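Visitor: Have a peek at my_file.cif (mmCIF, C-alpha atoms and all ligand atoms).
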data_upload
loop_
_atom_site.label_atom_id
_atom_site.label_comp_id
_atom_site.auth_asym_id
_atom_site.auth_seq_id
_atom_site.Cartn_x
_atom_site.Cartn_y
_atom_site.Cartn_z
CA ASN A 593 31.30 21.73 30.03
CA THR A 594 31.26 24.31 27.24
CA THR A 595 30.67 21.94 24.32
CA TYR A 596 27.91 23.25 22.07
CA ASN A 597 25.49 20.45 21.25
CA GLY A 598 23.52 22.24 18.56
CA PRO A 599 20.02 23.58 18.84
CA ASN A 600 17.62 22.20 21.40
CA VAL A 601 16.12 19.10 19.79
CA THR A 602 12.88 19.41 21.69
CA ASP A 603 12.05 22.56 19.72
CA SER A 604 10.15 21.10 16.73
CA SER A 605 11.18 23.97 14.46
CA VAL A 606 14.84 22.97 14.61
CA ILE A 607 14.52 19.22 15.16
CA LYS A 608 16.97 17.31 12.96
CA GLN A 609 15.93 15.45 9.85
CA CYS A 610 15.95 11.66 10.29
CA PRO A 611 19.00 9.85 8.87
CA LEU A 612 18.69 8.53 5.32
CA ILE A 613 19.03 5.00 6.59
CA PRO A 614 17.04 4.35 9.79
CA PRO A 615 19.50 3.34 12.51
CA ASN A 616 17.58 0.57 14.28
CA LEU A 617 16.72 -1.79 11.45
CA ALA A 618 17.24 -5.46 12.16
CA GLY A 619 17.11 -6.95 8.63
CA PRO A 620 15.15 -10.21 8.57
CA LEU A 621 11.94 -10.07 10.63
CA VAL A 622 10.12 -12.71 12.59
CA VAL A 623 6.71 -12.88 10.93
CA ASN A 624 3.87 -13.67 13.30
CA LYS A 625 0.83 -15.32 11.71
CA THR A 626 -1.08 -15.77 14.96
CA PRO A 627 -1.64 -12.26 16.29
CA PRO A 628 -3.55 -11.39 19.46
CA GLU A 629 -7.05 -9.92 19.24
CA LEU A 630 -7.28 -6.42 17.72
CA SER A 631 -8.30 -4.98 21.09
CA VAL A 632 -5.11 -6.38 22.62
CA ILE A 633 -2.95 -5.05 19.77
CA GLU A 634 -4.55 -1.63 20.18
CA VAL A 635 -3.43 -1.44 23.79
CA LYS A 636 -0.02 -2.91 23.11
CA PHE A 637 0.94 -0.52 20.27
CA THR A 638 1.30 2.65 22.32
CA ASP A 639 3.32 4.46 19.63
CA VAL A 640 0.52 4.16 17.07
CA LYS A 641 -1.78 7.18 17.00
CA PRO A 642 -5.56 7.09 16.21
CA GLY A 643 -6.26 6.54 12.52
CA GLY A 644 -3.32 4.14 12.27
CA LYS A 645 -0.66 6.82 12.23
CA GLY A 646 2.94 6.76 13.26
CA SER A 647 5.93 9.07 13.12
CA PRO A 648 9.34 9.23 14.73
CA SER A 649 9.52 11.20 17.96
CA ASN A 650 13.15 12.33 17.87
CA CYS A 651 13.76 13.37 14.26
CA LYS A 652 11.91 15.00 11.40
CA PRO A 653 10.69 12.30 8.98
CA ARG A 654 11.76 12.56 5.35
CA TYR A 655 8.58 11.12 3.87
CA LYS A 656 4.84 11.33 4.41
CA VAL A 657 3.54 7.95 3.37
CA ALA A 658 -0.02 6.70 2.87
CA ILE A 659 -0.43 2.91 2.99
CA ILE A 660 -3.47 2.03 0.90
CA ILE A 661 -4.98 -1.43 1.50
CA PRO A 662 -7.84 -2.65 -0.73
CA TYR A 663 -10.15 -4.74 1.37
CA ARG A 664 -13.27 -6.86 1.68
CA ASP A 665 -14.09 -9.66 4.07
CA ARG A 666 -10.60 -10.75 5.16
CA PRO A 667 -10.59 -9.84 8.86
CA GLN A 668 -7.99 -12.43 9.86
CA HIS A 669 -5.56 -11.14 7.23
CA LEU A 670 -6.12 -7.55 8.29
CA GLN A 671 -5.45 -8.34 11.92
CA THR A 672 -2.24 -10.18 11.04
CA LEU A 673 -1.01 -7.47 8.69
CA LEU A 674 -1.57 -4.69 11.24
CA TYR A 675 0.25 -6.68 13.89
CA ASN A 676 3.31 -7.15 11.69
CA LEU A 677 3.32 -3.88 9.75
CA HIS A 678 3.04 -1.18 12.42
CA PRO A 679 6.20 -2.12 14.35
CA MET A 680 8.22 -2.22 11.13
CA LEU A 681 6.94 1.14 9.90
CA LEU A 682 7.68 2.75 13.27
CA LYS A 683 11.27 1.50 13.03
CA GLN A 684 11.56 2.96 9.53
CA GLN A 685 11.11 6.49 10.92
CA ILE A 686 8.57 7.55 8.32
CA ASP A 687 5.47 9.63 8.87
CA TYR A 688 2.72 7.21 7.84
CA GLN A 689 -0.98 6.48 7.96
CA ILE A 690 -2.72 3.21 7.13
CA PHE A 691 -5.94 3.42 5.09
CA ILE A 692 -8.24 0.41 4.72
CA VAL A 693 -10.40 0.98 1.66
CA GLU A 694 -13.30 -1.45 1.86
CA GLN A 695 -15.58 -2.19 -1.05
CA GLU A 696 -19.27 -2.17 -0.13
CA GLY A 697 -21.65 -4.86 -1.42
CA ASN A 698 -20.84 -8.23 -2.99
CA GLY A 699 -20.38 -7.38 -6.64
CA PRO A 700 -17.08 -8.15 -8.37
CA PHE A 701 -14.10 -6.81 -6.42
CA ASN A 702 -12.22 -3.91 -8.00
CA ARG A 703 -8.79 -3.67 -6.38
CA ALA A 704 -7.53 -0.97 -8.74
CA MET A 705 -10.47 1.35 -8.22
CA LEU A 706 -10.11 1.03 -4.44
CA MET A 707 -6.50 2.18 -4.82
CA ASN A 708 -7.69 5.24 -6.74
CA VAL A 709 -10.20 6.01 -3.99
CA GLY A 710 -7.49 5.59 -1.36
CA TYR A 711 -5.24 8.05 -3.15
CA VAL A 712 -7.96 10.69 -3.48
CA GLU A 713 -9.27 10.30 0.08
CA ALA A 714 -5.80 10.23 1.67
CA LEU A 715 -4.93 13.53 0.03
CA LYS A 716 -7.95 15.09 1.73
CA GLU A 717 -6.16 14.46 5.04
CA LYS A 718 -2.61 15.42 4.22
CA ILE A 719 -0.36 16.05 1.23
CA PHE A 720 1.29 12.63 1.29
CA ASP A 721 4.48 12.34 -0.79
CA CYS A 722 4.27 8.64 -1.27
CA PHE A 723 1.66 5.92 -1.69
CA ILE A 724 2.18 2.25 -0.92
CA PHE A 725 -0.48 0.05 -2.53
CA HIS A 726 -0.61 -3.02 -0.33
CA ASP A 727 -2.45 -6.33 -0.55
CA VAL A 728 -3.89 -7.23 2.85
CA ASP A 729 -2.34 -10.69 2.78
CA LEU A 730 1.34 -9.83 2.33
CA LEU A 731 3.64 -9.71 5.35
CA PRO A 732 7.08 -8.12 4.93
CA GLU A 733 9.98 -10.31 6.00
CA ASP A 734 12.75 -7.70 6.13
CA ASP A 735 12.65 -4.20 7.58
CA ARG A 736 15.25 -2.89 5.09
CA ASN A 737 12.41 -2.93 2.56
CA LEU A 738 11.78 0.78 3.11
CA TYR A 739 8.23 2.05 2.68
CA THR A 740 9.38 5.32 1.13
CA CYS A 741 9.09 7.39 -2.01
CA PRO A 742 11.06 5.99 -4.88
CA GLU A 743 12.71 7.90 -7.75
CA GLN A 744 10.88 5.48 -10.00
CA PRO A 745 7.77 3.47 -9.18
CA ARG A 746 8.91 0.59 -7.01
CA HIS A 747 7.58 -2.94 -7.03
CA MET A 748 8.08 -4.05 -3.41
CA SER A 749 6.88 -7.67 -3.29
CA VAL A 750 9.66 -9.10 -5.44
CA ALA A 751 10.07 -12.40 -3.63
CA VAL A 752 6.87 -13.97 -2.25
CA ASP A 753 6.87 -17.38 -0.57
CA LYS A 754 3.76 -18.37 -2.55
CA PHE A 755 5.83 -17.93 -5.74
CA LYS A 756 8.81 -19.77 -4.23
CA TYR A 757 10.46 -16.37 -3.64
CA ARG A 758 10.91 -15.85 -7.37
CA LEU A 759 9.53 -13.00 -9.45
CA PRO A 760 6.98 -14.72 -11.74
CA TYR A 761 7.59 -12.29 -14.64
CA ALA A 762 9.63 -9.16 -15.23
CA ASP A 763 6.79 -6.62 -15.44
CA LEU A 764 4.84 -7.82 -12.39
CA PHE A 765 3.57 -4.85 -10.37
CA GLY A 766 1.02 -6.67 -8.16
CA GLY A 767 1.16 -7.29 -4.43
CA VAL A 768 2.87 -4.29 -2.85
CA SER A 769 3.97 -1.29 -4.90
CA ALA A 770 5.07 2.27 -4.23
CA MET A 771 4.54 5.41 -6.27
CA SER A 772 5.02 9.06 -5.50
CA ARG A 773 2.06 11.43 -5.53
CA GLY A 774 3.28 12.94 -8.79
CA GLN A 775 3.93 9.64 -10.52
CA PHE A 776 0.46 8.33 -9.66
CA ARG A 777 -1.17 11.49 -10.96
CA LEU A 778 1.00 11.44 -14.08
CA VAL A 779 -0.24 7.95 -15.05
CA ASN A 780 -3.86 8.88 -14.18
CA GLY A 781 -3.92 6.29 -11.39
CA PHE A 782 -5.12 2.74 -11.98
CA SER A 783 -7.72 1.79 -14.58
CA ASN A 784 -11.32 1.56 -13.30
CA MET A 785 -12.22 -1.18 -15.78
CA PHE A 786 -10.88 -4.26 -14.02
CA TRP A 787 -13.70 -5.97 -12.11
CA GLY A 788 -12.83 -9.31 -10.56
CA TRP A 789 -9.40 -10.89 -10.33
CA GLY A 790 -6.43 -9.97 -12.48
CA GLY A 791 -5.00 -7.59 -15.04
CA GLU A 792 -5.13 -4.32 -13.11
CA ASP A 793 -1.50 -4.56 -11.99
CA ASP A 794 -0.26 -5.29 -15.52
CA ASP A 795 -2.26 -2.34 -16.83
CA MET A 796 -0.49 -0.13 -14.28
CA ALA A 797 2.88 -1.47 -15.45
CA ASN A 798 1.86 -0.45 -18.98
CA ARG A 799 0.84 3.02 -17.78
CA ILE A 800 4.20 3.45 -16.07
CA LYS A 801 6.11 2.55 -19.22
CA ALA A 802 3.90 4.71 -21.42
CA LYS A 803 4.95 7.75 -19.37
CA GLY A 804 8.66 6.94 -19.72
CA LEU A 805 8.99 5.70 -16.15
CA HIS A 806 10.22 2.25 -15.21
CA ILE A 807 9.68 -0.25 -12.41
CA SER A 808 12.48 -0.35 -9.85
CA ARG A 809 13.07 -3.08 -7.26
CA TYR A 810 15.05 -3.84 -4.14
CA PRO A 811 17.04 -7.08 -4.25
CA PRO A 812 14.99 -10.22 -3.56
CA ASN A 813 16.67 -10.98 -0.24
CA ILE A 814 15.18 -7.71 1.08
CA ALA A 815 11.93 -7.36 -0.89
CA ARG A 816 10.56 -10.54 0.64
CA TYR A 817 7.01 -11.34 1.78
CA LYS A 818 4.90 -14.16 3.08
CA MET A 819 1.38 -14.44 1.63
CA LEU A 820 -1.41 -15.59 3.93
CA SER A 821 -3.48 -18.38 2.44
CA HIS A 822 -6.87 -17.72 0.87
CA ARG A 823 -9.04 -19.26 -1.78
CA LYS A 824 -8.44 -18.24 -5.35
CA GLU A 825 -10.80 -15.53 -6.57
CA LYS A 826 -12.70 -15.99 -9.83
CA ALA A 827 -10.58 -14.47 -12.60
CA ASN A 828 -12.07 -11.79 -14.81
CA PRO A 829 -12.34 -13.40 -18.29
CA ARG A 830 -12.16 -9.99 -19.98
CA ARG A 831 -8.85 -8.99 -18.40
CA TYR A 832 -6.71 -9.72 -21.50
CA GLU A 833 -9.05 -7.77 -23.74
CA TYR A 834 -8.92 -4.70 -21.48
CA LEU A 835 -5.17 -5.05 -21.08
CA LYS A 836 -4.64 -5.11 -24.83
CA THR A 837 -6.75 -2.03 -25.51
CA GLY A 838 -5.77 -0.24 -22.29
CA LYS A 839 -3.38 2.22 -23.89
CA LYS A 840 -6.10 4.13 -25.69
CA ARG A 841 -7.85 4.74 -22.36
CA PHE A 842 -4.89 5.79 -20.20
CA ALA A 843 -5.83 9.48 -20.38
CA THR A 844 -9.56 9.01 -19.79
CA ASP A 845 -9.84 5.95 -17.54
CA GLY A 846 -8.43 6.39 -14.04
CA LEU A 847 -8.37 9.29 -11.60
CA THR A 848 -10.02 11.49 -14.22
CA ASN A 849 -13.27 9.50 -14.38
CA LEU A 850 -13.30 7.97 -10.90
CA LYS A 851 -16.80 7.76 -9.39
CA TYR A 852 -17.69 6.46 -5.94
CA ASP A 853 -19.70 7.23 -2.83
CA LEU A 854 -17.96 7.38 0.50
CA ILE A 855 -20.49 5.52 2.66
CA ASP A 856 -18.58 5.66 5.93
CA LYS A 857 -15.27 6.74 7.38
CA LYS A 858 -13.89 6.03 10.83
CA LYS A 859 -10.60 6.50 12.53
CA TYR A 860 -9.88 3.36 14.47
CA LYS A 861 -6.78 3.09 16.59
CA LEU A 862 -4.85 0.94 14.09
CA TYR A 863 -6.20 2.26 10.77
CA THR A 864 -8.37 4.77 9.01
CA TRP A 865 -11.35 2.92 7.54
CA LEU A 866 -13.16 3.99 4.39
CA LEU A 867 -16.26 2.17 3.18
CA VAL A 868 -16.96 2.94 -0.47
CA LYS A 869 -19.57 2.15 -3.05
CA LEU A 870 -17.94 1.97 -6.46
CA THR A 871 -19.73 3.18 -9.57
CA PRO A 872 -18.67 1.43 -12.78
CA PRO A 873 -17.42 3.93 -15.38
CA GLN A 874 -19.92 4.78 -18.15
C1 LIG B 1 -2.37 -11.16 -7.09
C2 LIG B 1 -1.54 -9.89 -6.81
C3 LIG B 1 -2.50 -8.77 -6.44
C4 LIG B 1 -3.48 -8.51 -7.55
C5 LIG B 1 -4.21 -9.82 -7.89
C6 LIG B 1 -5.06 -9.72 -9.14
C7 LIG B 1 0.69 -10.45 -6.00
C8 LIG B 1 1.53 -10.87 -4.87
N1 LIG B 1 -0.61 -10.17 -5.74
O1 LIG B 1 -2.97 -11.49 -5.83
O2 LIG B 1 -1.81 -7.58 -6.12
O3 LIG B 1 -2.83 -7.97 -8.68
O4 LIG B 1 -3.31 -10.91 -8.12
O5 LIG B 1 -6.13 -8.87 -8.99
O6 LIG B 1 1.17 -10.34 -7.11
N2 LIG B 1 -9.07 -8.51 -1.69
C9 LIG B 1 -9.92 -8.51 -0.57
N3 LIG B 1 -11.06 -9.27 -0.59
C10 LIG B 1 -11.39 -10.02 -1.66
C11 LIG B 1 -10.54 -10.03 -2.78
C12 LIG B 1 -9.38 -9.28 -2.76
O7 LIG B 1 -9.64 -7.85 0.44
O8 LIG B 1 -12.44 -10.68 -1.61
C13 LIG B 1 -7.88 -7.64 -1.70
C14 LIG B 1 -6.84 -8.05 -0.69
O9 LIG B 1 -6.08 -6.94 -0.30
C15 LIG B 1 -6.02 -9.03 -1.52
C16 LIG B 1 -5.95 -8.30 -2.85
O10 LIG B 1 -7.23 -7.69 -2.98
O11 LIG B 1 -4.76 -9.30 -0.96
C17 LIG B 1 -5.60 -9.17 -4.05
O12 LIG B 1 -6.51 -10.25 -4.14
P1 LIG B 1 -6.04 -11.79 -3.90
O13 LIG B 1 -5.15 -11.84 -2.72
O14 LIG B 1 -7.26 -12.63 -3.88
O15 LIG B 1 -5.26 -12.13 -5.25
P2 LIG B 1 -3.80 -12.81 -5.47
O16 LIG B 1 -3.25 -13.36 -4.22
O17 LIG B 1 -3.88 -13.72 -6.63
MN MN B 2 -3.34 -12.84 -2.24
#
Would you write the structure of this file as structure tokens?
Ligand code: UD2
Ligand code: MN

Guide:
Amino acid sequence: NTTYNGPNVTDSSVIKQCPLIPPNLAGPLVVNKTPPELSVIEVKFTDVKPGGKGSPSNCKPRYKVAIIIPYRDRPQHLQTLLYNLHPMLLKQQIDYQIFIVEQEGNGPFNRAMLMNVGYVEALKEKIFDCFIFHDVDLLPEDDRNLYTCPEQPRHMSVAVDKFKYRLPYADLFGGVSAMSRGQFRLVNGFSNMFWGWGGEDDDMANRIKAKGLHISRYPPNIARYKMLSHRKEKANPRRYEYLKTGKKRFATDGLTNLKYDLIDKKKYKLYTWLLVKLTPPQ
């Protein structure tokens, strides 16, 4: 046989780029809300590398993606998310790493600031192209919802069962969202002012618009999620006030004035864990 099959694909310098659309996607996924123990998952997921990393073995991935998960005291949700998310990401043929950014102490939770920390700390490991900001309680229901770098910031959790699979309002950016490294830097990240529940996602939507970008979305039959149940957090009564006056702080409140202490960092099998103490902005 004299057919030339192209360069040797085992030589990583000439390995082919992965196809634009991953070939083994199934569409709708079976979501499993009763995962085995973490120690069992760790053994089972042989393709996941320490730190919660994955990448395709037979093609060169198009995107380096950091999954940033803000976290405190929801171990059952974390276990369930990891069990459902890793297999999907592996099928999507991206180069990814999952970061759990845990807030230390029991003061008001600051989801937005944890995202900023995740962005900064992830970039110390690798120049990621793309950042997926991901609530711990949202489980994707379709593997065509690609965790990749959008042209425009992408709101990923369009249809959530908790909201009867309908987008509650047009500018919603909460839940799961994706931004490129450049876009996130351009908008100066999230605001650091939102302590307690609510407002931080709407402020990000405003930042995106203020920079001439817009929110893009996959169709709702693909951008579907199930939300795990939890009690409702106490809403921050000042969220409307900060939202209204946010614009005048876009340039000064965000990545540019982010202050925190990294208390601990560990690479577990299924995720990279960061424990951080947040310092409220002055
Ligand atoms: C909505 C948004 C969420 C965020 C929030 C307001 C959707 C689908 N979700 O979520 O993105 O904008 O409103 O702040 O639109 N967390 C912890 N421990 C805590 C509290 C929060 O880990 O004690 C993390 C966790 O990743 C959680 C996320 O913060 O999923 C959002 O908090 P939530 O789930 O309590 O709020 P929810 O469901 O109203
Ligand atoms: Mn939730």

Visitor: Which residue gives the smallest distance to ligand LIG 1 (chain B) among A:Pro829, A:Pro811, A:Pro667, A:Gly790, with only C-alpha atoms and all ligand atoms counted?

Guide: A:Gly790

Visitor: Find the residues near Arg654 in chain A: any atom within 10 Å, counting all atoms listed in the file, skip ones fewer than 3 places away on the same chain, and give them as an NGL selection string.

Guide: :A and (609-612 or 651 or 657 or 685-687 or 721 or 740-741)

Visitor: Mind listing the residues within 10 Å of ligand MN 2 (chain B), only C-alpha atoms and all ligand atoms counted, as a ChimeraX atom specification?

Guide: /A:669,727-730,754,766-767,818-825

Visitor: Counting all atoms listed in the file, which protein, DNA or RNA residues come within 9 Å of ligand LIG 1 (chain B), given as number ranges by chain?

Guide: A: 661-667, 669-670, 693-695, 698, 700-704, 725-730, 749-752, 754-755, 760, 764-769, 786-794, 817, 819-828

Visitor: Pick from A:Lys718, A:His678, A:Val712, A:Ile855: nearest to Lys636 in chain A, with all atoms listed in the file counted?

Guide: A:His678

Visitor: So what do you get for CA of Phe723 in chain A versus CA of Ile660 in chain A, distance-wise?

Guide: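 Separating CA of Phe723 in chain A from CA of Ile660 in chain A is a distance of 6.9 Å.
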
Visitor: Could you name the residues that touch Cys722 in chain A at 12 Å or less, counting only C-alpha atoms, but leaving out those on the same chain fewer than 2 positions away, as a VMD selection string?

Guide: chain A and resid 654 to 660 686 to 689 711 714 to 715 718 to 720 724 to 725 738 to 746 769 to 777

Visitor: Determine the nearest neighbour of Asn624 in chain A from the options A:Leu850, A:Leu731, A:Ile800, A:Met705, counting all atoms listed in the file.

Guide: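 For Asn624 in chain A, the nearest of the candidates is A:Leu731.
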
Visitor: Assuming 3 Å of padding per side, give the centre and edge lengths of the axis-aligned box around every listed atom of range 635-638 of chain A, in Å to one decimal and as AutoDock Vina command-line options.

Guide:
--center_x -1.1 --center_y -0.1 --center_z 22.0 --size_x 10.7 --size_y 11.6 --size_z 9.5

Visitor: I'd like to know which of A:His806, A:Gln668, A:Thr864, A:Leu835 is closest to Glu717 in chain A, using only C-alpha atoms.

Guide: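 Going through A:His806, A:Gln668, A:Thr864, A:Leu835 one by one, the smallest distance to Glu717 in chain A is for A:Thr864.
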
Visitor: What is the CA of Val632 in chain A to CA of Phe691 in chain A distance in Å?

Guide: 20.1 Å

Visitor: Rounded to one decimal place, report the CA of Ser647 in chain A-CA of Asn708 in chain A distance in Å.

Guide: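 CA of Ser647 in chain A sits 24.4 Å away from CA of Asn708 in chain A.
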
Visitor: Write out as number ranges by chain which residues come within 8 Å of Met796 in chain A when counting only C-alpha atoms, dropping same-chain ones fewer than 5 positions away.

Guide: A: 765, 781-783

Visitor: Print the selection's residues with C-alpha atoms to a file, as a compact mmCIF listing (two decimals), keeping the file's coordinate frame.

Guide:
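Output file again_29.txt follows:
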# COMPACT_ATOMS: atom_id res chain seq x y z
CA PHE A 765 3.57 -4.85 -10.37
CA GLY A 781 -3.92 6.29 -11.39
CA PHE A 782 -5.12 2.74 -11.98
CA SER A 783 -7.72 1.79 -14.58

Visitor: With distances taken over only C-alpha atoms, which of A:Lys801, A:Arg816, A:Lys859, A:Lys652 is nearest to Asp753 in chain A?

Guide: A:Arg816

Visitor: Would you kindly place N, CA, C and O atoms on range 688-711 of chain A and return the model as a compact mmCIF listing (two decimals), keeping the file's coordinate frame?

Guide:
# COMPACT_ATOMS: atom_id res chain seq x y z
N TYR A 688 3.61 8.04 8.66
CA TYR A 688 2.72 7.21 7.84
C TYR A 688 1.31 7.16 8.41
O TYR A 688 1.07 7.49 9.58
N GLN A 689 0.40 6.73 7.55
CA GLN A 689 -0.98 6.48 7.96
C GLN A 689 -1.51 5.32 7.14
O GLN A 689 -1.31 5.27 5.91
N ILE A 690 -2.17 4.38 7.82
CA ILE A 690 -2.72 3.21 7.13
C ILE A 690 -4.20 3.43 6.82
O ILE A 690 -4.99 3.75 7.71
N PHE A 691 -4.56 3.27 5.55
CA PHE A 691 -5.94 3.42 5.09
C PHE A 691 -6.46 2.07 4.61
O PHE A 691 -5.86 1.46 3.73
N ILE A 692 -7.55 1.61 5.21
CA ILE A 692 -8.24 0.41 4.72
C ILE A 692 -9.39 0.90 3.85
O ILE A 692 -10.29 1.59 4.33
N VAL A 693 -9.34 0.55 2.57
CA VAL A 693 -10.40 0.98 1.66
C VAL A 693 -11.26 -0.24 1.35
O VAL A 693 -10.85 -1.14 0.61
N GLU A 694 -12.44 -0.27 1.97
CA GLU A 694 -13.30 -1.45 1.86
C GLU A 694 -14.38 -1.25 0.82
O GLU A 694 -15.07 -0.23 0.81
N GLN A 695 -14.54 -2.26 -0.03
CA GLN A 695 -15.58 -2.19 -1.05
C GLN A 695 -16.90 -2.66 -0.48
O GLN A 695 -17.00 -3.76 0.07
N GLU A 696 -17.93 -1.84 -0.63
CA GLU A 696 -19.27 -2.17 -0.13
C GLU A 696 -19.97 -3.12 -1.10
O GLU A 696 -19.68 -3.09 -2.31
N GLY A 697 -20.86 -3.97 -0.57
CA GLY A 697 -21.65 -4.86 -1.42
C GLY A 697 -20.90 -6.12 -1.79
O GLY A 697 -19.77 -6.33 -1.36
N ASN A 698 -21.55 -7.00 -2.61
CA ASN A 698 -20.84 -8.23 -2.99
C ASN A 698 -20.70 -8.42 -4.48
O ASN A 698 -20.59 -9.52 -4.99
N GLY A 699 -20.68 -7.32 -5.21
CA GLY A 699 -20.38 -7.38 -6.64
C GLY A 699 -18.91 -7.72 -6.84
O GLY A 699 -18.17 -7.89 -5.87
N PRO A 700 -18.49 -7.84 -8.11
CA PRO A 700 -17.08 -8.15 -8.37
C PRO A 700 -16.15 -7.13 -7.70
O PRO A 700 -16.46 -5.94 -7.67
N PHE A 701 -15.06 -7.65 -7.14
CA PHE A 701 -14.10 -6.81 -6.42
C PHE A 701 -13.31 -5.99 -7.44
O PHE A 701 -12.97 -6.47 -8.51
N ASN A 702 -13.03 -4.74 -7.11
CA ASN A 702 -12.22 -3.91 -8.00
C ASN A 702 -11.06 -3.30 -7.21
O ASN A 702 -11.15 -2.20 -6.67
N ARG A 703 -9.97 -4.07 -7.14
CA ARG A 703 -8.79 -3.67 -6.38
C ARG A 703 -8.24 -2.32 -6.85
O ARG A 703 -7.90 -1.45 -6.04
N ALA A 704 -8.15 -2.17 -8.16
CA ALA A 704 -7.53 -0.97 -8.74
C ALA A 704 -8.32 0.29 -8.39
O ALA A 704 -7.75 1.32 -8.03
N MET A 705 -9.64 0.18 -8.50
CA MET A 705 -10.47 1.35 -8.22
C MET A 705 -10.38 1.74 -6.75
O MET A 705 -10.40 2.93 -6.40
N LEU A 706 -10.26 0.74 -5.87
CA LEU A 706 -10.11 1.03 -4.44
C LEU A 706 -8.80 1.78 -4.18
O LEU A 706 -8.72 2.64 -3.30
N MET A 707 -7.77 1.46 -4.95
CA MET A 707 -6.50 2.18 -4.82
C MET A 707 -6.69 3.65 -5.20
O MET A 707 -6.17 4.55 -4.54
N ASN A 708 -7.42 3.86 -6.31
CA ASN A 708 -7.69 5.24 -6.74
C ASN A 708 -8.44 6.01 -5.65
O ASN A 708 -8.10 7.16 -5.34
N VAL A 709 -9.44 5.36 -5.06
CA VAL A 709 -10.20 6.01 -3.99
C VAL A 709 -9.28 6.33 -2.81
O VAL A 709 -9.32 7.42 -2.24
N GLY A 710 -8.43 5.38 -2.47
CA GLY A 710 -7.49 5.59 -1.36
C GLY A 710 -6.60 6.79 -1.59
O GLY A 710 -6.37 7.60 -0.68
N TYR A 711 -6.11 6.92 -2.79
CA TYR A 711 -5.24 8.05 -3.15
C TYR A 711 -5.98 9.39 -2.97
O TYR A 711 -5.50 10.30 -2.30
